[in-house]
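Report on one structure; see the data block that follows.
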There are 2 protein chains.
Amino acid sequence: MTLPLDHITVLDLTHVLAGPYATRRLAMMGAKVIKVERTGIGDDTRAFPPFVGEESVYFSSLNTGKHSIALDLKLPEDRTHFERLLGRADVLVENFRPGVMARMGYGPDDLAKTRPSLIFASVSGFGQTGPDSLKPAYDMVVQARGGIMSITGEYGREPVRVGASVGDIVAGMFLLEGILTALYHRDRTGKAERVDVAMLDSQLAILEHAVAMVSATGTAPIPSGARHPTITPFDTFHASDGLFVIACGNDALFVQLCRVLDLDALIDDPRFCSNAARCDNERLLKRFIEQKTLSAPRDHWITLLQGNGLPTAAIQNVAEVLQDPQILARDMVQEMPAWAEGMTHHVAGNPVKLGVNPNARALDAAPKLDQDREKILAWLDGAAL
Amino acid sequence: MTLPLDHITVLDLTHVLAGPYATRRLAMMGAKVIKVERTGIGDDTRAFPPFVGEESVYFSSLNTGKHSIALDLKLPEDRTHFERLLGRADVLVENFRPGVMARMGYGPDDLAKTRPSLIFASVSGFGQTGPDSLKPAYDMVVQARGGIMSITGEYGREPVRVGASVGDIVAGMFLLEGILTALYHRDRTGKAERVDVAMLDSQLAILEHAVAMVSATGTAPIPSGARHPTITPFDTFHASDGLFVIACGNDALFVQLCRVLDLDALIDDPRFCSNAARCDNERLLKRFIEQKTLSAPRDHWITLLQGNGLPTAAIQNVAEVLQDPQILARDMVQEMPAWAEGMTHHVAGNPVKLGVNPNARALDAAPKLDQDREKILAWLDGAAL
């Protein structure tokens, strides 16, 4: 299978999470991604735990399938290399603070003149414009400022951070959308658009329900623990050996749940006969449901409920997820060669299944710092890479 | 400005959240999105709160800029309309359970024969393949089964749901990536790839850090409340009037924080001189920091810390986010006409800023059910839409 991006070259100056997340996805779809790193240290995440031997598994999980070259853009020789790379690139991706690329002589306005077909894509904390564009950000800063923490956690307790770095990752996904859209547009029209994605903007863009609530009512939603704020029952429940979730998104599913749990008396009970009534009486309903579910282990209930068409699941930890039969059947856990001889580690597979080869490219291990320098320079002179 | 997708027609059979989220983004980039709904009821979310007049703001926030036609695919006349629409579409998007489209006579294998240039894109709970492909899913089911709940919440308490519907929305974003990649590939090669995205797969794909931890150590991470599991200080802190966050991602930022808070004695303290030491002593360090921050309001600290280059933010609720000067400067809050005369509501703007017109298309209001039937049928006969 020809991969969709196998003729595209990406010059990747990003580090840490949001940018590398986007460029790894480009690599998975076939793009040649040349990771340009700082001489000496490279990407900060090379030093992030956990490690297998000398290799950060965190770094590797974000950089498989890329080529590394270390360049010091203060040195004339390395600037020459960089400019030759620019001459071969379709996309430049960077996540410095706004203005840094321009100070190095490679700002978007400079490159728009010398390399008009290059797509210049940036991801930053607050974007290239606006009063706070130069302020520093990390994942947690935009989770806090962007509103998702204010609706995550237990009612009446302090807000919590989402356990995955959605501040970075969602921004990386919008960056990817921008790059793919710009590539499509460039190939049709010849015009290379500038891509500018902010982590803060991206947080707002995933809060559909909360934004609708504020817009319609003026009142900001608050955390509601494990339960959905406006659908009932849509929550965690205790079985005899642990928690699981039941999600009844409509009346028909609630009726079915009552039948399966031998709670038929609740079906016509005015306290529970509509979603609005169930929301008003959700604590009582939870007790009725748990009165049943506490009598058997969660596997029993999951099998029974699934067998009757009800949406349910165990709350799996990530070790369990990596052994989930459905996840494995979907080829969502990929074994990668580690740097240490004979060792491997695992990374998440490709969630975008395209055509007959769902994991698309079989990715190489993540590169050691500057590992591909000679090969990349030879490629500039016509060799394969 | 020519919008990147303004020559693309999307036949959108999706309902609720993941699919409509993706197709709204396509509409924002210029695509003509024809929303095909069930006769009578339409998309379930038309009945979801909150409302402005008769209009669900939740529905509208996901469906601005689309055209609606209600079709009953059991009726010969409506099947004829549908097949004429298929003849004009570049992309078909659906989120029924696997097999439903085939039973209606419009499965991917059928359409691959009759409409080989059509991109057939599906999003579902568990994907088109695997042992659980037919099981029902909602956002919460994949948040539980996919692992994110197991790392979200307070240490020692029950896990919580992420307050935004990331189970759906992240899947919608990967669906969008697949559609954009497939469009690009089709225009280059003539081959229309099938797109298959699962909500469960998508959850695993955003757990980079947790997957790396399990892969390297065999141990699944647990919830760590508001703090980052492996970086310190990266947490919420109390000021005299409320909580705010400080995120020091490296030693230099920690040293700077100590200087600004007049905590210089901590800089060389062996309990705090490296990130690993700070993680081991994070509760004590939190007390030292709060001993200072409790003495003044959070606005004082945010101004002081930001002025010294430190990443910090208030934990804003969503009403505050919608008035944040940076969010407003980035044009991230869009006023939409409501169905009721003279009324409006607000939706999130476009986080993917491309070129000179950052919000891309000025979207029309979300359609009433079947509102565009006559116009769409006229368009099939050559009129504008």
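Each chain of the structure tokens is named A, B, ... in the order shown, its residues numbered from 1; ligands are numbered from 1 in display order.
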Give me the residues near Ala137 in chain B as a VMD selection string, where near means some atom within 12 Å (using only C-alpha atoms) and where sequence neighbours in that chain fewer than 2 positions away do not count. (chain A and resid 234 245 to 249 253 306 309 to 313) or (chain B and resid 18 95 to 97 123 to 127 132 to 135 139 to 146 167 to 168 198 to 200)
Export, as an mmCIF file, in the first residue's frame, the selected residues with N, CA and C atoms.
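Contents of the output file out11.cif:
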data_model
loop_
_atom_site.group_PDB
_atom_site.id
_atom_site.type_symbol
_atom_site.label_atom_id
_atom_site.label_comp_id
_atom_site.auth_asym_id
_atom_site.auth_seq_id
_atom_site.Cartn_x
_atom_site.Cartn_y
_atom_site.Cartn_z
ATOM 1 N N PHE A 234 -25.754 7.183 34.427
ATOM 2 C CA PHE A 234 -24.568 7.302 33.568
ATOM 3 C C PHE A 234 -23.448 7.549 34.567
ATOM 4 N N VAL A 245 -18.992 0.735 35.178
ATOM 5 C CA VAL A 245 -19.874 1.817 34.735
ATOM 6 C C VAL A 245 -21.077 1.257 33.986
ATOM 7 N N ILE A 246 -22.189 1.952 34.120
ATOM 8 C CA ILE A 246 -23.384 1.713 33.309
ATOM 9 C C ILE A 246 -23.768 3.058 32.703
ATOM 10 N N ALA A 247 -24.047 3.056 31.406
ATOM 11 C CA ALA A 247 -24.357 4.308 30.714
ATOM 12 C C ALA A 247 -25.653 4.125 29.924
ATOM 13 N N CYS A 248 -26.760 4.630 30.479
ATOM 14 C CA CYS A 248 -28.053 4.547 29.799
ATOM 15 C C CYS A 248 -28.383 5.915 29.208
ATOM 16 N N GLY A 249 -28.171 6.053 27.940
ATOM 17 C CA GLY A 249 -28.318 7.350 27.288
ATOM 18 C C GLY A 249 -29.741 7.707 26.905
ATOM 19 N N LEU A 253 -33.041 2.326 27.100
ATOM 20 C CA LEU A 253 -31.952 1.624 27.783
ATOM 21 C C LEU A 253 -32.234 1.532 29.283
ATOM 22 N N GLN A 306 -24.091 -6.557 28.973
ATOM 23 C CA GLN A 306 -23.693 -6.528 27.556
ATOM 24 C C GLN A 306 -24.548 -7.496 26.748
ATOM 25 N N GLY A 309 -27.583 -5.899 25.580
ATOM 26 C CA GLY A 309 -27.475 -4.684 24.777
ATOM 27 C C GLY A 309 -27.252 -3.416 25.562
ATOM 28 N N LEU A 310 -26.806 -3.544 26.816
ATOM 29 C CA LEU A 310 -26.618 -2.343 27.631
ATOM 30 C C LEU A 310 -25.158 -1.906 27.638
ATOM 31 N N PRO A 311 -24.910 -0.601 27.489
ATOM 32 C CA PRO A 311 -23.538 -0.088 27.493
ATOM 33 C C PRO A 311 -22.952 -0.141 28.907
ATOM 34 N N THR A 312 -21.892 -0.879 29.079
ATOM 35 C CA THR A 312 -21.272 -1.066 30.384
ATOM 36 C C THR A 312 -19.809 -1.402 30.190
ATOM 37 N N ALA A 313 -19.007 -1.219 31.224
ATOM 38 C CA ALA A 313 -17.582 -1.579 31.133
ATOM 39 C C ALA A 313 -16.985 -1.574 32.518
ATOM 40 N N ALA B 18 -19.528 12.265 18.457
ATOM 41 C CA ALA B 18 -18.228 12.064 17.795
ATOM 42 C C ALA B 18 -18.285 12.426 16.307
ATOM 43 N N ASN B 95 -22.032 6.774 11.878
ATOM 44 C CA ASN B 95 -21.659 6.186 13.170
ATOM 45 C C ASN B 95 -22.709 5.204 13.690
ATOM 46 N N PHE B 96 -23.318 4.462 12.770
ATOM 47 C CA PHE B 96 -24.174 3.360 13.200
ATOM 48 C C PHE B 96 -23.306 2.206 13.715
ATOM 49 N N ARG B 97 -23.974 1.210 14.315
ATOM 50 C CA ARG B 97 -23.205 0.011 14.649
ATOM 51 C C ARG B 97 -22.744 -0.664 13.364
ATOM 52 N N VAL B 123 -17.179 5.966 12.430
ATOM 53 C CA VAL B 123 -16.698 6.021 13.813
ATOM 54 C C VAL B 123 -17.698 5.221 14.647
ATOM 55 N N SER B 124 -17.165 4.378 15.536
ATOM 56 C CA SER B 124 -18.026 3.498 16.327
ATOM 57 C C SER B 124 -17.356 3.279 17.680
ATOM 58 N N GLY B 125 -18.063 2.626 18.588
ATOM 59 C CA GLY B 125 -17.513 2.431 19.926
ATOM 60 C C GLY B 125 -16.242 1.614 19.924
ATOM 61 N N PHE B 126 -16.270 0.488 19.200
ATOM 62 C CA PHE B 126 -15.149 -0.445 19.281
ATOM 63 C C PHE B 126 -14.527 -0.767 17.930
ATOM 64 N N GLY B 127 -14.995 -0.110 16.853
ATOM 65 C CA GLY B 127 -14.404 -0.347 15.541
ATOM 66 C C GLY B 127 -15.194 -1.362 14.735
ATOM 67 N N ASP B 132 -15.608 -7.395 20.089
ATOM 68 C CA ASP B 132 -16.626 -6.545 20.710
ATOM 69 C C ASP B 132 -17.176 -5.487 19.765
ATOM 70 N N SER B 133 -16.971 -5.673 18.456
ATOM 71 C CA SER B 133 -17.322 -4.599 17.519
ATOM 72 C C SER B 133 -18.810 -4.252 17.556
ATOM 73 N N LEU B 134 -19.657 -5.191 17.956
ATOM 74 C CA LEU B 134 -21.094 -4.913 17.943
ATOM 75 C C LEU B 134 -21.633 -4.447 19.291
ATOM 76 N N LYS B 135 -20.782 -4.372 20.308
ATOM 77 C CA LYS B 135 -21.263 -3.974 21.636
ATOM 78 C C LYS B 135 -21.555 -2.468 21.667
ATOM 79 N N ASP B 139 -19.670 7.542 25.587
ATOM 80 C CA ASP B 139 -18.468 8.200 26.085
ATOM 81 C C ASP B 139 -17.936 7.555 27.363
ATOM 82 N N MET B 140 -18.803 7.387 28.338
ATOM 83 C CA MET B 140 -18.331 6.918 29.641
ATOM 84 C C MET B 140 -17.822 5.481 29.591
ATOM 85 N N VAL B 141 -18.408 4.673 28.710
ATOM 86 C CA VAL B 141 -17.964 3.282 28.584
ATOM 87 C C VAL B 141 -16.505 3.230 28.128
ATOM 88 N N VAL B 142 -16.142 4.061 27.175
ATOM 89 C CA VAL B 142 -14.747 4.022 26.720
ATOM 90 C C VAL B 142 -13.822 4.822 27.637
ATOM 91 N N GLN B 143 -14.339 5.832 28.322
ATOM 92 C CA GLN B 143 -13.489 6.473 29.350
ATOM 93 C C GLN B 143 -13.124 5.443 30.418
ATOM 94 N N ALA B 144 -14.055 4.547 30.764
ATOM 95 C CA ALA B 144 -13.785 3.524 31.789
ATOM 96 C C ALA B 144 -12.890 2.418 31.237
ATOM 97 N N ARG B 145 -13.308 1.848 30.137
ATOM 98 C CA ARG B 145 -12.582 0.697 29.588
ATOM 99 C C ARG B 145 -11.230 1.097 29.010
ATOM 100 N N GLY B 146 -11.138 2.308 28.502
ATOM 101 C CA GLY B 146 -9.921 2.768 27.831
ATOM 102 C C GLY B 146 -8.843 3.285 28.752
ATOM 103 N N GLY B 167 -14.159 10.834 25.438
ATOM 104 C CA GLY B 167 -14.368 9.541 24.775
ATOM 105 C C GLY B 167 -14.914 9.724 23.374
ATOM 106 N N ASP B 168 -15.836 10.635 23.222
ATOM 107 C CA ASP B 168 -16.390 10.957 21.905
ATOM 108 C C ASP B 168 -15.510 11.913 21.107
ATOM 109 N N ALA B 198 -12.313 3.829 16.058
ATOM 110 C CA ALA B 198 -13.022 3.332 17.232
ATOM 111 C C ALA B 198 -12.782 4.258 18.417
ATOM 112 N N MET B 199 -13.832 4.500 19.195
ATOM 113 C CA MET B 199 -13.682 5.318 20.400
ATOM 114 C C MET B 199 -12.686 4.679 21.379
ATOM 115 N N LEU B 200 -12.734 3.342 21.517
ATOM 116 C CA LEU B 200 -11.830 2.692 22.468
ATOM 117 C C LEU B 200 -10.370 2.832 22.038
#
Return as a tab-separated table (two decimals) with N, CA and C atoms, in the first residue's frame the full set of residues in range 146-215 of chain A whose backbone-based DSSP assignment is alpha helix (DSSP H).
chain	number	residue	atom	x	y	z
A	166	VAL	N	-4.14	16.12	28.22
A	166	VAL	CA	-5.02	16.59	27.13
A	166	VAL	C	-4.74	18.04	26.75
A	167	GLY	N	-4.10	18.81	27.64
A	167	GLY	CA	-3.72	20.17	27.28
A	167	GLY	C	-2.77	20.18	26.10
A	168	ASP	N	-1.82	19.28	26.11
A	168	ASP	CA	-0.89	19.15	24.99
A	168	ASP	C	-1.46	18.34	23.84
A	169	ILE	N	-2.03	17.19	24.15
A	169	ILE	CA	-2.35	16.23	23.09
A	169	ILE	C	-3.45	16.74	22.18
A	170	VAL	N	-4.47	17.35	22.76
A	170	VAL	CA	-5.55	17.89	21.93
A	170	VAL	C	-5.01	19.00	21.02
A	171	ALA	N	-4.09	19.81	21.54
A	171	ALA	CA	-3.48	20.84	20.69
A	171	ALA	C	-2.68	20.19	19.57
A	172	GLY	N	-1.98	19.10	19.89
A	172	GLY	CA	-1.24	18.38	18.84
A	172	GLY	C	-2.17	17.85	17.76
A	173	MET	N	-3.35	17.41	18.17
A	173	MET	CA	-4.30	16.89	17.18
A	173	MET	C	-4.87	18.00	16.30
A	174	PHE	N	-5.14	19.17	16.89
A	174	PHE	CA	-5.59	20.28	16.04
A	174	PHE	C	-4.46	20.77	15.13
A	175	LEU	N	-3.24	20.76	15.63
A	175	LEU	CA	-2.08	21.10	14.79
A	175	LEU	C	-2.04	20.17	13.58
A	176	LEU	N	-2.21	18.89	13.84
A	176	LEU	CA	-2.22	17.90	12.76
A	176	LEU	C	-3.33	18.20	11.77
A	177	GLU	N	-4.51	18.50	12.27
A	177	GLU	CA	-5.62	18.87	11.38
A	177	GLU	C	-5.23	20.05	10.50
A	178	GLY	N	-4.62	21.06	11.11
A	178	GLY	CA	-4.21	22.24	10.35
A	178	GLY	C	-3.19	21.89	9.27
A	179	ILE	N	-2.23	21.04	9.61
A	179	ILE	CA	-1.20	20.66	8.63
A	179	ILE	C	-1.82	19.87	7.48
A	180	LEU	N	-2.68	18.92	7.81
A	180	LEU	CA	-3.30	18.11	6.74
A	180	LEU	C	-4.17	18.98	5.84
A	181	THR	N	-4.92	19.90	6.45
A	181	THR	CA	-5.77	20.79	5.66
A	181	THR	C	-4.91	21.69	4.77
A	182	ALA	N	-3.82	22.19	5.35
A	182	ALA	CA	-2.94	23.09	4.57
A	182	ALA	C	-2.25	22.33	3.44
A	183	LEU	N	-1.85	21.09	3.67
A	183	LEU	CA	-1.24	20.30	2.59
A	183	LEU	C	-2.24	20.10	1.45
A	184	TYR	N	-3.46	19.77	1.82
A	184	TYR	CA	-4.50	19.55	0.82
A	184	TYR	C	-4.72	20.83	0.00
A	185	HIS	N	-4.80	21.94	0.72
A	185	HIS	CA	-5.03	23.24	0.06
A	185	HIS	C	-3.84	23.61	-0.83
A	186	ARG	N	-2.64	23.37	-0.36
A	186	ARG	CA	-1.45	23.71	-1.14
A	186	ARG	C	-1.40	22.92	-2.45
A	187	ASP	N	-1.70	21.63	-2.35
A	187	ASP	CA	-1.60	20.82	-3.57
A	187	ASP	C	-2.66	21.22	-4.59
A	188	ARG	N	-3.79	21.76	-4.14
A	188	ARG	CA	-4.83	22.18	-5.07
A	188	ARG	C	-4.59	23.58	-5.62
A	189	THR	N	-4.09	24.48	-4.77
A	189	THR	CA	-4.07	25.90	-5.15
A	189	THR	C	-2.66	26.47	-5.28
A	199	MET	N	-2.64	26.00	22.58
A	199	MET	CA	-3.13	25.02	23.55
A	199	MET	C	-4.38	25.53	24.26
A	200	LEU	N	-4.42	26.82	24.59
A	200	LEU	CA	-5.59	27.35	25.30
A	200	LEU	C	-6.84	27.31	24.42
A	201	ASP	N	-6.72	27.77	23.17
A	201	ASP	CA	-7.86	27.70	22.24
A	201	ASP	C	-8.38	26.26	22.14
A	202	SER	N	-7.43	25.34	22.07
A	202	SER	CA	-7.80	23.94	21.86
A	202	SER	C	-8.62	23.39	23.02
A	203	GLN	N	-8.31	23.84	24.24
A	203	GLN	CA	-9.09	23.40	25.39
A	203	GLN	C	-10.54	23.84	25.26
A	204	LEU	N	-10.75	25.09	24.89
A	204	LEU	CA	-12.13	25.57	24.74
A	204	LEU	C	-12.87	24.75	23.69
A	205	ALA	N	-12.16	24.36	22.65
A	205	ALA	CA	-12.80	23.67	21.53
A	205	ALA	C	-13.27	22.26	21.87
A	208	GLU	N	-17.66	21.23	24.45
A	208	GLU	CA	-18.94	21.53	23.81
A	208	GLU	C	-20.09	21.68	24.82
A	209	HIS	N	-20.30	20.69	25.68
A	209	HIS	CA	-21.43	20.69	26.58
A	209	HIS	C	-21.37	21.86	27.56
A	210	ALA	N	-20.18	22.07	28.13
A	210	ALA	CA	-20.04	23.14	29.12
A	210	ALA	C	-20.23	24.52	28.49
A	211	VAL	N	-19.74	24.68	27.26
A	211	VAL	CA	-19.93	25.96	26.57
A	211	VAL	C	-21.41	26.19	26.30
A	212	ALA	N	-22.11	25.14	25.88
A	212	ALA	CA	-23.56	25.27	25.63
A	212	ALA	C	-24.29	25.65	26.92
A	213	MET	N	-23.89	25.05	28.06
A	213	MET	CA	-24.53	25.36	29.33
A	213	MET	C	-24.37	26.83	29.69
A	214	VAL	N	-23.14	27.33	29.58
A	214	VAL	CA	-22.90	28.73	29.93
A	214	VAL	C	-23.65	29.64	28.97
A	215	SER	N	-23.61	29.29	27.69
A	215	SER	CA	-24.27	30.12	26.69
A	215	SER	C	-25.78	30.21	26.95
For chain A, work out the contacting residues on chain B at 6 Å, counting only C-alpha atoms, and write them as a PyMOL selection string. chain B and resi 4+57-58+130+136-137+141+144-145+147+150-153+160-164+178+184-185+193-197+201-202+205+207+212+214-215+220+225-226+311-319+326+329+345-346+348+351-355
Would you mind listing what lies within 8 Å of Leu285 in chain B as a ChimeraX atom specification, with only C-alpha atoms counted and same-chain residues fewer than 6 positions away left out? /B:233,272,278
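Take CA of Leu73 in chain B and CA of Lys32 in chain B: the distance between them is 21.5 Å.
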Using only C-alpha atoms, which residues sit within 8 Å of Gln371 in chain B once same-chain residues fewer than 2 positions away are excluded, as a short mmCIF file (atom, residue, chain, number, x, y, z; two decimals) with C-alpha atoms, in the first residue's frame?
data_model
loop_
_atom_site.label_atom_id
_atom_site.label_comp_id
_atom_site.auth_asym_id
_atom_site.auth_seq_id
_atom_site.Cartn_x
_atom_site.Cartn_y
_atom_site.Cartn_z
CA HIS B 67 -27.75 21.52 5.80
CA SER B 68 -30.49 19.14 7.03
CA ILE B 69 -32.61 16.68 5.10
CA PRO B 367 -30.49 23.65 10.73
CA LYS B 368 -33.95 22.74 11.90
CA LEU B 369 -34.85 19.15 11.03
CA ARG B 373 -34.98 19.55 1.86
#
Between CA of Lys66 in chain A and CA of Ile34 in chain A, what is the distance in Å, rounded to a tenth? 6.0 Å
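Remark: for Phe82 in chain A, the closest of the candidate residues A:Asp268, A:Asp12, A:Asp280, A:Glu341 is A:Asp12 (distances computed over only C-alpha atoms).
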